[in-house]
>>> print(open('entry.pdb').read())   # PDB, C-alpha atoms
MODEL        1
ATOM      1  CA  MET A 101      63.547  93.139 125.917  1.00  0.00           C
ATOM      2  CA  SER A 102      66.828  94.943 125.285  1.00  0.00           C
ATOM      3  CA  SER A 103      67.259  98.535 124.303  1.00  0.00           C
ATOM      4  CA  ASP A 104      68.778  99.333 120.933  1.00  0.00           C
ATOM      5  CA  LYS A 105      70.219 102.593 122.243  1.00  0.00           C
ATOM      6  CA  PRO A 106      73.887 102.635 123.148  1.00  0.00           C
ATOM      7  CA  PRO A 107      74.601 103.831 126.696  1.00  0.00           C
ATOM      8  CA  ALA A 108      75.011 107.595 126.968  1.00  0.00           C
ATOM      9  CA  ALA A 109      78.571 108.823 127.195  1.00  0.00           C
ATOM     10  CA  PRO A 110      79.455 110.357 130.551  1.00  0.00           C
ATOM     11  CA  PRO A 111      79.518 114.163 130.541  1.00  0.00           C
ATOM     12  CA  THR A 112      82.820 115.791 129.705  1.00  0.00           C
ATOM     13  CA  GLY A 113      84.629 118.050 132.136  1.00  0.00           C
ATOM     14  CA  ALA A 114      83.528 121.039 130.065  1.00  0.00           C
ATOM     15  CA  GLN A 115      79.881 119.927 130.228  1.00  0.00           C
ATOM     16  CA  LEU A 116      80.112 119.476 134.011  1.00  0.00           C
ATOM     17  CA  GLY A 117      81.757 122.876 134.399  1.00  0.00           C
ATOM     18  CA  ASP A 118      79.084 124.544 132.272  1.00  0.00           C
ATOM     19  CA  ALA A 119      76.276 122.828 134.205  1.00  0.00           C
ATOM     20  CA  LEU A 120      77.802 123.840 137.534  1.00  0.00           C
ATOM     21  CA  MET A 121      78.248 127.466 136.416  1.00  0.00           C
ATOM     22  CA  ARG A 122      74.634 127.680 135.157  1.00  0.00           C
ATOM     23  CA  THR A 123      73.365 126.145 138.406  1.00  0.00           C
ATOM     24  CA  THR A 124      75.520 128.450 140.533  1.00  0.00           C
ATOM     25  CA  HIS A 125      74.228 131.476 138.639  1.00  0.00           C
ATOM     26  CA  ALA A 126      70.593 130.397 139.113  1.00  0.00           C
ATOM     27  CA  LEU A 127      71.186 129.609 142.814  1.00  0.00           C
ATOM     28  CA  ARG A 128      72.764 133.033 143.418  1.00  0.00           C
ATOM     29  CA  ARG A 129      69.861 134.833 141.771  1.00  0.00           C
ATOM     30  CA  PHE A 130      67.294 132.749 143.644  1.00  0.00           C
ATOM     31  CA  ALA A 131      69.122 133.083 146.973  1.00  0.00           C
ATOM     32  CA  GLY A 132      69.028 136.878 146.732  1.00  0.00           C
ATOM     33  CA  GLN A 133      65.253 137.136 146.244  1.00  0.00           C
ATOM     34  CA  PRO A 134      64.115 137.302 149.887  1.00  0.00           C
ATOM     35  CA  TYR A 135      66.672 140.026 150.612  1.00  0.00           C
ATOM     36  CA  GLN A 136      65.907 142.051 147.514  1.00  0.00           C
ATOM     37  CA  GLN A 137      62.214 142.011 148.453  1.00  0.00           C
ATOM     38  CA  ARG A 138      63.266 143.873 151.626  1.00  0.00           C
ATOM     39  CA  GLY A 139      65.549 146.266 149.755  1.00  0.00           C
ATOM     40  CA  TRP A 140      68.780 144.600 150.921  1.00  0.00           C
ATOM     41  CA  SER A 141      71.607 143.776 148.570  1.00  0.00           C
ATOM     42  CA  THR A 142      73.117 140.302 148.615  1.00  0.00           C
ATOM     43  CA  SER A 143      76.519 141.920 149.260  1.00  0.00           C
ATOM     44  CA  ARG A 144      75.168 143.571 152.397  1.00  0.00           C
ATOM     45  CA  VAL A 145      73.757 140.266 153.667  1.00  0.00           C
ATOM     46  CA  LEU A 146      76.973 138.370 152.923  1.00  0.00           C
ATOM     47  CA  LEU A 147      79.014 141.025 154.717  1.00  0.00           C
ATOM     48  CA  MET A 148      76.827 140.870 157.829  1.00  0.00           C
ATOM     49  CA  LEU A 149      77.019 137.060 157.870  1.00  0.00           C
ATOM     50  CA  ALA A 150      80.804 137.129 157.373  1.00  0.00           C
ATOM     51  CA  VAL A 151      81.340 139.627 160.211  1.00  0.00           C
ATOM     52  CA  ASP A 152      79.152 137.513 162.478  1.00  0.00           C
ATOM     53  CA  GLU A 153      81.013 134.316 161.611  1.00  0.00           C
ATOM     54  CA  ALA A 154      84.473 135.867 161.984  1.00  0.00           C
ATOM     55  CA  GLY A 155      83.826 137.723 165.242  1.00  0.00           C
ATOM     56  CA  ALA A 156      85.538 141.098 164.948  1.00  0.00           C
ATOM     57  CA  PRO A 157      87.415 140.765 161.652  1.00  0.00           C
ATOM     58  CA  ARG A 158      89.719 143.249 159.996  1.00  0.00           C
ATOM     59  CA  MET A 159      88.256 144.867 156.913  1.00  0.00           C
ATOM     60  CA  GLY A 160      91.077 143.440 154.794  1.00  0.00           C
ATOM     61  CA  GLU A 161      90.234 139.902 155.902  1.00  0.00           C
ATOM     62  CA  LEU A 162      86.648 140.387 154.794  1.00  0.00           C
ATOM     63  CA  LYS A 163      87.718 141.840 151.477  1.00  0.00           C
ATOM     64  CA  ASP A 164      89.705 138.680 150.757  1.00  0.00           C
ATOM     65  CA  ARG A 165      87.049 136.361 152.137  1.00  0.00           C
ATOM     66  CA  LEU A 166      84.222 137.904 150.101  1.00  0.00           C
ATOM     67  CA  GLY A 167      86.362 138.428 146.997  1.00  0.00           C
ATOM     68  CA  VAL A 168      85.590 142.137 146.684  1.00  0.00           C
ATOM     69  CA  THR A 169      87.742 145.222 146.242  1.00  0.00           C
ATOM     70  CA  GLY A 170      88.810 147.473 149.081  1.00  0.00           C
ATOM     71  CA  ARG A 171      86.615 150.239 147.685  1.00  0.00           C
ATOM     72  CA  SER A 172      83.564 147.919 147.644  1.00  0.00           C
ATOM     73  CA  ILE A 173      84.050 146.751 151.221  1.00  0.00           C
ATOM     74  CA  THR A 174      84.521 150.337 152.398  1.00  0.00           C
ATOM     75  CA  SER A 175      81.321 151.422 150.649  1.00  0.00           C
ATOM     76  CA  LEU A 176      79.349 148.513 152.130  1.00  0.00           C
ATOM     77  CA  VAL A 177      80.721 149.139 155.623  1.00  0.00           C
ATOM     78  CA  ASP A 178      79.975 152.874 155.325  1.00  0.00           C
ATOM     79  CA  GLY A 179      76.335 152.114 154.516  1.00  0.00           C
ATOM     80  CA  LEU A 180      75.921 149.572 157.310  1.00  0.00           C
ATOM     81  CA  GLU A 181      77.652 151.884 159.764  1.00  0.00           C
ATOM     82  CA  ASP A 182      75.360 154.766 158.761  1.00  0.00           C
ATOM     83  CA  GLU A 183      72.380 152.497 159.526  1.00  0.00           C
ATOM     84  CA  GLY A 184      73.843 151.614 162.923  1.00  0.00           C
ATOM     85  CA  LEU A 185      74.309 147.932 162.066  1.00  0.00           C
ATOM     86  CA  LEU A 186      78.127 147.810 162.126  1.00  0.00           C
ATOM     87  CA  LYS A 187      80.804 149.856 163.820  1.00  0.00           C
ATOM     88  CA  ARG A 188      84.475 150.278 163.120  1.00  0.00           C
ATOM     89  CA  CYS A 189      86.867 149.727 166.015  1.00  0.00           C
ATOM     90  CA  ASP A 190      90.584 150.247 166.355  1.00  0.00           C
ATOM     91  CA  ASP A 191      92.623 147.070 166.285  1.00  0.00           C
ATOM     92  CA  PRO A 192      94.642 146.998 169.524  1.00  0.00           C
ATOM     93  CA  GLY A 193      97.272 144.780 167.894  1.00  0.00           C
ATOM     94  CA  ASP A 194      97.782 146.929 164.800  1.00  0.00           C
ATOM     95  CA  ARG A 195      96.906 150.617 164.842  1.00  0.00           C
ATOM     96  CA  ARG A 196      96.840 150.696 161.031  1.00  0.00           C
ATOM     97  CA  SER A 197      93.993 148.164 160.965  1.00  0.00           C
ATOM     98  CA  THR A 198      90.315 148.574 161.605  1.00  0.00           C
ATOM     99  CA  ARG A 199      88.097 145.827 162.948  1.00  0.00           C
ATOM    100  CA  LEU A 200      84.351 145.538 162.475  1.00  0.00           C
ATOM    101  CA  GLU A 201      81.781 144.715 165.110  1.00  0.00           C
ATOM    102  CA  ILE A 202      78.065 144.147 164.858  1.00  0.00           C
ATOM    103  CA  THR A 203      76.008 146.545 166.959  1.00  0.00           C
ATOM    104  CA  ALA A 204      72.958 145.585 169.053  1.00  0.00           C
ATOM    105  CA  LYS A 205      70.729 146.849 166.228  1.00  0.00           C
ATOM    106  CA  GLY A 206      72.876 144.836 163.821  1.00  0.00           C
ATOM    107  CA  HIS A 207      72.319 141.655 165.839  1.00  0.00           C
ATOM    108  CA  GLU A 208      68.546 142.165 165.556  1.00  0.00           C
ATOM    109  CA  HIS A 209      68.932 142.627 161.803  1.00  0.00           C
ATOM    110  CA  LEU A 210      71.186 139.570 161.648  1.00  0.00           C
ATOM    111  CA  GLY A 211      68.488 137.482 163.330  1.00  0.00           C
ATOM    112  CA  GLU A 212      66.104 138.380 160.520  1.00  0.00           C
ATOM    113  CA  ILE A 213      68.778 137.646 157.902  1.00  0.00           C
ATOM    114  CA  LYS A 214      69.494 134.213 159.384  1.00  0.00           C
ATOM    115  CA  ALA A 215      65.805 133.295 159.598  1.00  0.00           C
ATOM    116  CA  LEU A 216      65.303 134.272 155.936  1.00  0.00           C
ATOM    117  CA  HIS A 217      68.511 132.512 154.928  1.00  0.00           C
ATOM    118  CA  ASP A 218      67.579 129.246 156.670  1.00  0.00           C
ATOM    119  CA  ALA A 219      63.993 129.182 155.378  1.00  0.00           C
ATOM    120  CA  HIS A 220      65.036 130.017 151.820  1.00  0.00           C
ATOM    121  CA  ALA A 221      67.838 127.427 151.872  1.00  0.00           C
ATOM    122  CA  GLU A 222      65.341 124.750 152.921  1.00  0.00           C
ATOM    123  CA  LEU A 223      63.062 125.807 150.070  1.00  0.00           C
ATOM    124  CA  THR A 224      66.001 125.672 147.653  1.00  0.00           C
ATOM    125  CA  PHE A 225      67.273 122.243 148.674  1.00  0.00           C
ATOM    126  CA  GLY A 226      63.932 120.712 149.645  1.00  0.00           C
ATOM    127  CA  ILE A 227      63.952 118.813 146.354  1.00  0.00           C
ATOM    128  CA  LEU A 228      66.861 116.659 147.612  1.00  0.00           C
ATOM    129  CA  SER A 229      66.593 113.705 149.965  1.00  0.00           C
ATOM    130  CA  ASP A 230      68.841 113.519 153.030  1.00  0.00           C
ATOM    131  CA  ALA A 231      71.117 111.064 151.209  1.00  0.00           C
ATOM    132  CA  GLU A 232      71.301 113.315 148.143  1.00  0.00           C
ATOM    133  CA  ARG A 233      72.169 116.309 150.339  1.00  0.00           C
ATOM    134  CA  ALA A 234      75.006 114.364 151.965  1.00  0.00           C
ATOM    135  CA  THR A 235      76.270 113.216 148.562  1.00  0.00           C
ATOM    136  CA  LEU A 236      76.104 116.753 147.150  1.00  0.00           C
ATOM    137  CA  VAL A 237      78.085 118.182 150.075  1.00  0.00           C
ATOM    138  CA  ASP A 238      80.686 115.419 149.695  1.00  0.00           C
ATOM    139  CA  LEU A 239      81.035 115.989 145.951  1.00  0.00           C
ATOM    140  CA  LEU A 240      81.273 119.769 146.281  1.00  0.00           C
ATOM    141  CA  ASP A 241      83.849 119.485 149.090  1.00  0.00           C
ATOM    142  CA  ARG A 242      85.964 117.091 147.019  1.00  0.00           C
ATOM    143  CA  LEU A 243      85.777 119.335 143.971  1.00  0.00           C
ATOM    144  CA  ARG A 244      86.661 122.436 146.024  1.00  0.00           C
ATOM    145  CA  ASP A 245      89.634 120.693 147.662  1.00  0.00           C
ATOM    146  CA  HIS A 246      90.797 119.412 144.266  1.00  0.00           C
ATOM    147  CA  VAL A 247      90.863 122.837 142.630  1.00  0.00           C
ATOM    148  CA  ALA A 248      91.993 124.738 145.751  1.00  0.00           C
ATOM    149  CA  GLY A 249      95.145 122.613 145.813  1.00  0.00           C
ATOM    150  CA  ARG A 250      95.954 123.808 142.318  1.00  0.00           C
ATOM    151  CA  LEU A 251      95.528 127.518 142.972  1.00  0.00           C
ATOM    152  CA  PRO A 252      98.599 129.719 143.379  1.00  0.00           C
ATOM    153  CA  GLU A 253      99.263 131.163 146.802  1.00  0.00           C
ATOM    154  CA  PRO A 254      98.102 134.777 147.297  1.00  0.00           C
ATOM    155  CA  GLY A 255     100.657 137.081 145.728  1.00  0.00           C
ATOM    156  CA  ASP A 256     102.039 134.298 143.492  1.00  0.00           C
ATOM    157  CA  HIS A 257     101.197 135.362 139.940  1.00  0.00           C
ATOM    158  CA  ARG A 258     102.626 132.290 138.233  1.00  0.00           C
ATOM    159  CA  SER A 259     100.275 130.011 136.304  1.00  0.00           C
ATOM    160  CA  PRO A 260      98.912 127.082 138.317  1.00  0.00           C
ATOM    161  CA  PRO A 261      99.942 123.553 137.297  1.00  0.00           C
ATOM    162  CA  VAL A 262      97.846 122.140 134.463  1.00  0.00           C
ATOM    163  CA  ALA A 263      98.091 118.419 135.118  1.00  0.00           C
TER     164      ALA A 263
ENDMDL
END
>>> encode(input="entry.pdb", output="structure tokens")
Amino acid sequence: MSSDKPPAAPPTGAQLGDALMRTTHALRRFAGQPYQQRGWSTSRVLLMLAVDEAGAPRMGELKDRLGVTGRSITSLVDGLEDEGLLKRCDDPGDRRSTRLEITAKGHEHLGEIKALHDAHAELTFGILSDAERATLVDLLDRLRDHVAGRLPEPGDHRSPPVA
């Protein structure tokens, strides 16, 4: 028995972009829930994870990496420093720069963040099979590389190529 319905047209680029933006928005809101339940902002968690991953980064590097303003990063660092989770250190290679280090108390806090992060990520992506997870990572990496190659270099304010 054949179907009388014509095959569905593949989604347009605009439809894919809209679907990805809606999904990203929902994922961000859902990802922040376990932290918000403990009174932590997502920005605070992302900053702690970024400092841990980078070692002892300069504040400016983190600002660029997290896509926040200098004022925002300073405010976040001030709060985490006041709690004894981060400390500012002079950069021996550049006395105008400040590096960030995680304190012993911060490492304890980071352990809790990572445990929450891992458990919540498994809950989030538990709907996908191993093969689907691998495919999703491949597709997202390809898409990221495709658009990243079309972005202007930092400081270059010209429009990126269209085609």
>>> closest_residue(input="entry.pdb", among="A:Gly226, A:Gly193, A:Gly167, A:Pro111", to="Leu147 of chain A", atoms="all atoms listed in the file")
A:Gly167
>>> resolve_selection(input="entry.pdb", expression="the PyMOL selection byres ((chain A and resi 133-138) around 12)", output="PyMOL selection string")
chain A and resi 126-132+139-146+209-210+212-221+223-224
>>> resolve_selection(input="entry.pdb", expression="the PyMOL selection byres ((chain A and resi 186) around 7)", output="list in words")
Leu180, Glu181, Gly184, Leu185, Lys187, Arg188, Leu200, Glu201, Ile202, Thr203 and Gly206 of chain A
>>> residues_around(input="entry.pdb", residues="Arg158 of chain A", least_positions_apart="2", cutoff="7 Å", atoms="all atoms listed in the file", output="PyMOL selection string")
chain A and resi 156+160-162+197-200
>>> axis_aligned_box(input="entry.pdb", around="segment 184-189 of chain A", padding_each_side="3 Å", output="lines of an AutoDock Vina configuration file")
center_x = 80.4
center_y = 149.7
center_z = 164.0
size_x = 19.0
size_y = 9.8
size_z = 9.9
>>> atom_distance(input="entry.pdb", atom1="atom CA of Val151 of chain A", atom2="atom CA of Leu176 of chain A")
12.2 Å
>>> atom_distance(input="entry.pdb", atom1="atom CA of Leu240 of chain A", atom2="atom CA of Leu120 of chain A")
10.3 Å
>>> atom_distance(input="entry.pdb", atom1="atom CA of Ala154 of chain A", atom2="atom CA of Leu166 of chain A")
12.1 Å
>>> closest_residue(input="entry.pdb", among="A:Asp164, A:Glu208, A:Asp238, A:Glu253", to="Met148 of chain A", atoms="all atoms listed in the file")
A:Glu208
